[in-house]
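Data from upload24.cif: mmCIF, N, CA and C atoms
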```cif
data_upload
loop_
_atom_site.label_atom_id
_atom_site.label_comp_id
_atom_site.auth_asym_id
_atom_site.auth_seq_id
_atom_site.Cartn_x
_atom_site.Cartn_y
_atom_site.Cartn_z
N MET A 43 13.60 33.63 8.07
CA MET A 43 14.84 34.38 8.21
C MET A 43 15.98 33.52 7.70
N LEU A 44 16.77 34.05 6.76
CA LEU A 44 17.89 33.32 6.23
C LEU A 44 19.01 33.23 7.25
N ALA A 45 19.72 32.11 7.22
CA ALA A 45 20.84 31.93 8.13
C ALA A 45 22.05 32.69 7.61
N GLU A 46 22.68 33.41 8.51
CA GLU A 46 23.93 34.09 8.18
C GLU A 46 25.06 33.08 8.32
N THR A 47 26.04 33.15 7.45
CA THR A 47 27.17 32.23 7.50
C THR A 47 28.37 32.95 8.09
N ILE A 48 28.97 32.33 9.12
CA ILE A 48 30.18 32.87 9.71
C ILE A 48 31.16 31.73 9.94
N THR A 49 32.44 32.06 10.00
CA THR A 49 33.44 31.03 10.24
C THR A 49 33.49 30.66 11.72
N VAL A 50 33.97 29.48 11.99
CA VAL A 50 34.13 29.03 13.37
C VAL A 50 35.08 29.97 14.11
N THR A 51 36.12 30.43 13.44
CA THR A 51 37.07 31.36 14.06
C THR A 51 36.38 32.66 14.45
N GLU A 52 35.55 33.20 13.56
CA GLU A 52 34.81 34.43 13.86
C GLU A 52 33.85 34.20 15.03
N ALA A 53 33.20 33.04 15.05
CA ALA A 53 32.28 32.72 16.16
C ALA A 53 33.04 32.64 17.48
N GLN A 54 34.22 32.06 17.44
CA GLN A 54 35.02 31.94 18.67
C GLN A 54 35.43 33.31 19.19
N LYS A 55 35.81 34.20 18.30
CA LYS A 55 36.26 35.53 18.70
C LYS A 55 35.11 36.39 19.24
N ASN A 56 33.89 36.15 18.73
CA ASN A 56 32.75 36.99 19.07
C ASN A 56 31.61 36.18 19.67
N PHE A 57 31.95 35.17 20.48
CA PHE A 57 30.95 34.22 20.96
C PHE A 57 29.80 34.90 21.70
N SER A 58 30.10 35.77 22.65
CA SER A 58 29.06 36.42 23.44
C SER A 58 28.14 37.25 22.55
N ASP A 59 28.70 38.04 21.65
CA ASP A 59 27.89 38.85 20.74
C ASP A 59 27.04 37.96 19.84
N MET A 60 27.62 36.86 19.37
CA MET A 60 26.89 35.94 18.50
C MET A 60 25.68 35.35 19.23
N ILE A 61 25.88 34.90 20.47
CA ILE A 61 24.79 34.32 21.25
C ILE A 61 23.72 35.37 21.53
N ASN A 62 24.11 36.59 21.84
CA ASN A 62 23.14 37.66 22.06
C ASN A 62 22.30 37.92 20.81
N ARG A 63 22.94 37.95 19.63
CA ARG A 63 22.19 38.16 18.39
C ARG A 63 21.16 37.06 18.17
N VAL A 64 21.56 35.82 18.42
CA VAL A 64 20.65 34.69 18.24
C VAL A 64 19.49 34.80 19.23
N HIS A 65 19.81 35.07 20.48
CA HIS A 65 18.79 35.13 21.52
C HIS A 65 17.83 36.31 21.35
N TYR A 66 18.37 37.49 21.13
CA TYR A 66 17.54 38.69 21.13
C TYR A 66 16.90 39.02 19.78
N THR A 67 17.52 38.64 18.69
CA THR A 67 16.96 38.99 17.38
C THR A 67 16.42 37.79 16.62
N GLY A 68 16.66 36.58 17.14
CA GLY A 68 16.19 35.39 16.44
C GLY A 68 17.07 35.01 15.26
N ALA A 69 18.28 35.57 15.19
CA ALA A 69 19.19 35.25 14.09
C ALA A 69 19.49 33.77 14.07
N LYS A 70 19.69 33.24 12.88
CA LYS A 70 20.13 31.86 12.69
C LYS A 70 21.49 31.93 12.04
N LEU A 71 22.45 31.23 12.62
CA LEU A 71 23.82 31.29 12.13
C LEU A 71 24.29 29.91 11.69
N THR A 72 24.95 29.86 10.54
CA THR A 72 25.59 28.64 10.08
C THR A 72 27.09 28.85 10.24
N LEU A 73 27.73 27.95 10.99
CA LEU A 73 29.18 28.04 11.21
C LEU A 73 29.89 27.19 10.17
N THR A 74 30.94 27.76 9.59
CA THR A 74 31.68 27.04 8.56
C THR A 74 33.13 26.87 8.97
N ARG A 75 33.71 25.81 8.45
CA ARG A 75 35.14 25.56 8.60
C ARG A 75 35.63 25.14 7.22
N GLY A 76 36.52 25.94 6.66
CA GLY A 76 37.01 25.63 5.31
C GLY A 76 35.89 25.65 4.28
N LYS A 77 34.96 26.58 4.41
CA LYS A 77 33.81 26.78 3.52
C LYS A 77 32.76 25.68 3.61
N ARG A 78 32.93 24.72 4.52
CA ARG A 78 31.94 23.66 4.70
C ARG A 78 31.12 23.93 5.95
N PRO A 79 29.80 23.84 5.86
CA PRO A 79 28.97 24.02 7.05
C PRO A 79 29.25 22.92 8.07
N VAL A 80 29.45 23.32 9.33
CA VAL A 80 29.73 22.32 10.37
C VAL A 80 28.74 22.38 11.52
N ALA A 81 28.02 23.50 11.67
CA ALA A 81 27.07 23.62 12.79
C ALA A 81 26.11 24.77 12.51
N ARG A 82 24.96 24.72 13.22
CA ARG A 82 24.01 25.82 13.16
C ARG A 82 23.70 26.26 14.57
N ILE A 83 23.57 27.55 14.75
CA ILE A 83 23.15 28.13 16.03
C ILE A 83 21.79 28.76 15.77
N ILE A 84 20.76 28.29 16.49
CA ILE A 84 19.41 28.82 16.32
C ILE A 84 18.85 29.14 17.69
N PRO A 85 17.84 30.02 17.74
CA PRO A 85 17.25 30.34 19.04
C PRO A 85 16.60 29.11 19.67
N ALA A 86 16.68 29.02 20.98
CA ALA A 86 16.03 27.95 21.72
C ALA A 86 14.60 28.38 22.04
N GLY A 87 13.76 27.43 22.36
CA GLY A 87 12.41 27.76 22.78
C GLY A 87 11.36 27.34 21.78
N LYS A 88 10.14 27.70 22.09
CA LYS A 88 9.02 27.22 21.30
C LYS A 88 9.02 27.74 19.87
N HIS A 89 9.71 28.83 19.60
CA HIS A 89 9.73 29.38 18.25
C HIS A 89 10.94 28.93 17.45
N SER A 90 11.67 27.93 17.94
CA SER A 90 12.90 27.54 17.27
C SER A 90 12.73 26.31 16.39
N ARG A 91 11.53 25.88 16.17
CA ARG A 91 11.31 24.70 15.33
C ARG A 91 11.77 24.96 13.90
N SER A 92 12.45 23.98 13.34
CA SER A 92 12.89 24.10 11.96
C SER A 92 11.72 23.84 11.02
N THR A 93 11.78 24.43 9.86
CA THR A 93 10.73 24.26 8.86
C THR A 93 11.31 23.57 7.64
N GLY A 94 10.45 23.22 6.72
CA GLY A 94 10.91 22.67 5.45
C GLY A 94 11.80 23.66 4.73
N ALA A 95 11.48 24.95 4.83
CA ALA A 95 12.31 25.97 4.20
C ALA A 95 13.71 26.00 4.82
N ASP A 96 13.79 25.78 6.15
CA ASP A 96 15.09 25.72 6.81
C ASP A 96 15.90 24.53 6.29
N LEU A 97 15.23 23.39 6.12
CA LEU A 97 15.91 22.20 5.60
C LEU A 97 16.40 22.46 4.19
N LEU A 98 15.56 23.03 3.34
CA LEU A 98 15.95 23.32 1.97
C LEU A 98 17.13 24.28 1.94
N GLU A 99 17.10 25.31 2.77
CA GLU A 99 18.21 26.26 2.85
C GLU A 99 19.50 25.56 3.25
N TRP A 100 19.41 24.67 4.25
CA TRP A 100 20.59 23.96 4.71
C TRP A 100 21.13 23.04 3.61
N LEU A 101 20.23 22.32 2.94
CA LEU A 101 20.66 21.41 1.88
C LEU A 101 21.34 22.18 0.75
N ARG A 102 20.82 23.35 0.42
CA ARG A 102 21.44 24.16 -0.64
C ARG A 102 22.81 24.67 -0.23
N SER A 103 23.05 24.82 1.07
CA SER A 103 24.34 25.32 1.54
C SER A 103 25.41 24.23 1.60
N CYS A 104 25.00 22.97 1.50
CA CYS A 104 25.95 21.86 1.57
C CYS A 104 26.67 21.69 0.24
N PRO A 105 27.94 21.31 0.30
CA PRO A 105 28.66 21.05 -0.95
C PRO A 105 28.07 19.81 -1.62
N PRO A 106 28.19 19.71 -2.95
CA PRO A 106 27.66 18.55 -3.66
C PRO A 106 28.32 17.26 -3.17
N MET A 107 27.55 16.18 -3.16
CA MET A 107 28.08 14.88 -2.75
C MET A 107 28.60 14.13 -3.97
N SER A 108 29.60 13.32 -3.75
CA SER A 108 30.10 12.43 -4.80
C SER A 108 29.09 11.29 -4.99
N LYS A 109 29.25 10.54 -6.04
CA LYS A 109 28.36 9.41 -6.30
C LYS A 109 28.41 8.43 -5.12
N GLU A 110 29.59 8.17 -4.60
CA GLU A 110 29.74 7.24 -3.48
C GLU A 110 29.03 7.77 -2.23
N GLU A 111 29.16 9.08 -1.98
CA GLU A 111 28.49 9.68 -0.82
C GLU A 111 26.97 9.61 -0.97
N ARG A 112 26.46 9.86 -2.19
CA ARG A 112 25.01 9.77 -2.42
C ARG A 112 24.51 8.36 -2.19
N GLU A 113 25.26 7.36 -2.68
CA GLU A 113 24.85 5.97 -2.50
C GLU A 113 24.90 5.58 -1.02
N SER A 114 25.92 6.01 -0.30
CA SER A 114 26.04 5.72 1.12
C SER A 114 24.90 6.38 1.89
N PHE A 115 24.56 7.62 1.52
CA PHE A 115 23.46 8.35 2.15
C PHE A 115 22.14 7.62 1.93
N ALA A 116 21.90 7.19 0.69
CA ALA A 116 20.67 6.46 0.37
C ALA A 116 20.60 5.15 1.14
N ASP A 117 21.73 4.46 1.25
CA ASP A 117 21.78 3.20 2.02
C ASP A 117 21.46 3.46 3.50
N ALA A 118 22.01 4.54 4.05
CA ALA A 118 21.76 4.87 5.45
C ALA A 118 20.30 5.19 5.69
N ILE A 119 19.68 5.89 4.76
CA ILE A 119 18.25 6.20 4.89
C ILE A 119 17.43 4.92 4.87
N GLU A 120 17.73 4.04 3.94
CA GLU A 120 16.98 2.77 3.85
C GLU A 120 17.18 1.93 5.11
N ALA A 121 18.41 1.92 5.65
CA ALA A 121 18.67 1.17 6.88
C ALA A 121 17.86 1.75 8.03
N GLY A 122 17.79 3.08 8.12
CA GLY A 122 17.01 3.73 9.17
C GLY A 122 15.52 3.44 9.02
N ARG A 123 15.04 3.46 7.78
CA ARG A 123 13.62 3.16 7.53
C ARG A 123 13.31 1.73 7.94
N ALA A 124 14.21 0.80 7.62
CA ALA A 124 14.00 -0.61 7.97
C ALA A 124 13.98 -0.78 9.49
N GLU A 125 14.84 0.00 10.17
CA GLU A 125 14.93 -0.08 11.63
C GLU A 125 13.62 0.32 12.31
N VAL A 126 12.91 1.27 11.73
CA VAL A 126 11.64 1.70 12.32
C VAL A 126 10.45 1.12 11.56
N ASN A 127 10.74 0.14 10.69
CA ASN A 127 9.73 -0.62 9.98
C ASN A 127 8.86 0.25 9.06
N VAL A 128 9.50 1.11 8.27
CA VAL A 128 8.80 1.93 7.29
C VAL A 128 9.11 1.35 5.91
N PRO A 129 8.09 1.03 5.13
CA PRO A 129 8.37 0.43 3.82
C PRO A 129 9.11 1.40 2.91
N PRO A 130 9.94 0.88 1.99
CA PRO A 130 10.65 1.74 1.04
C PRO A 130 9.69 2.54 0.19
N VAL A 131 10.14 3.71 -0.24
CA VAL A 131 9.32 4.58 -1.10
C VAL A 131 10.01 4.71 -2.43
N SER A 132 9.26 4.50 -3.49
CA SER A 132 9.77 4.68 -4.84
C SER A 132 9.56 6.12 -5.26
N ALA A 133 10.46 6.63 -6.09
CA ALA A 133 10.29 7.98 -6.60
C ALA A 133 8.97 8.11 -7.35
N TYR A 134 8.48 7.01 -7.88
CA TYR A 134 7.22 7.03 -8.62
C TYR A 134 6.01 7.14 -7.71
N ASP A 135 6.21 6.86 -6.41
CA ASP A 135 5.12 6.96 -5.43
C ASP A 135 4.88 8.40 -4.99
N LEU A 136 5.84 9.28 -5.25
CA LEU A 136 5.74 10.65 -4.76
C LEU A 136 4.81 11.50 -5.57
#
```

What does this structure look like when you write it as structure tokens?
Amino acid sequence: MLAETITVTEAQKNFSDMINRVHYTGAKLTLTRGKRPVARIIPAGKHSRSTGADLLEWLRSCPPMSKEERESFADAIEAGRAEVNVPPVSAYDL
């Protein structure tokens, strides 16, 4: 199920209805502020696990990163991998 995009203002005005839609229909909502995704509302429970398709959908909804942001993101991933003792992965290993 694709996530519907709504503004934070719209979510605030219709909070109860929004929560009911998520709970009863399984809707997934992406909240935006100034056209940027800031949060997701998904159903709770055993059926609420995110999938690779959910991740891909979310990544596609994000605005493009600058070169500096991409480098910072890559550095943060490597720092996290080092913290849990996972060896670096080369693009050629994939």

Evaluate the PyMOL selection byres (((chain A and resi 70-82 and name CA) around 12) and name CA) and report residues as a VMD selection string: chain A and resid 43 to 54 57 60 to 69 83 to 86 90 to 92 96 to 97 99 to 106

DSSP-assigned alpha helix (DSSP H) members of chain A, reported as a VMD selection string: chain A and resid 50 to 55 57 to 67 94 to 103 109 to 125

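Interatomic distance, CA of Thr93 in chain A to CA of Phe115 in chain A: 21.5 Å.
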
Between CA of Ile119 in chain A and atom C of Met107 in chain A, distance in Å (one decimal): 15.8 Å

DSSP strand (DSSP E or B) residues within range 48-136 of chain A, listed as an MDAnalysis selection string: chainID A and resid 48:49 71:75 78:83

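Between atom N of Glu125 in chain A and atom C of Leu98 in chain A the interatomic distance comes to 25.7 Å.
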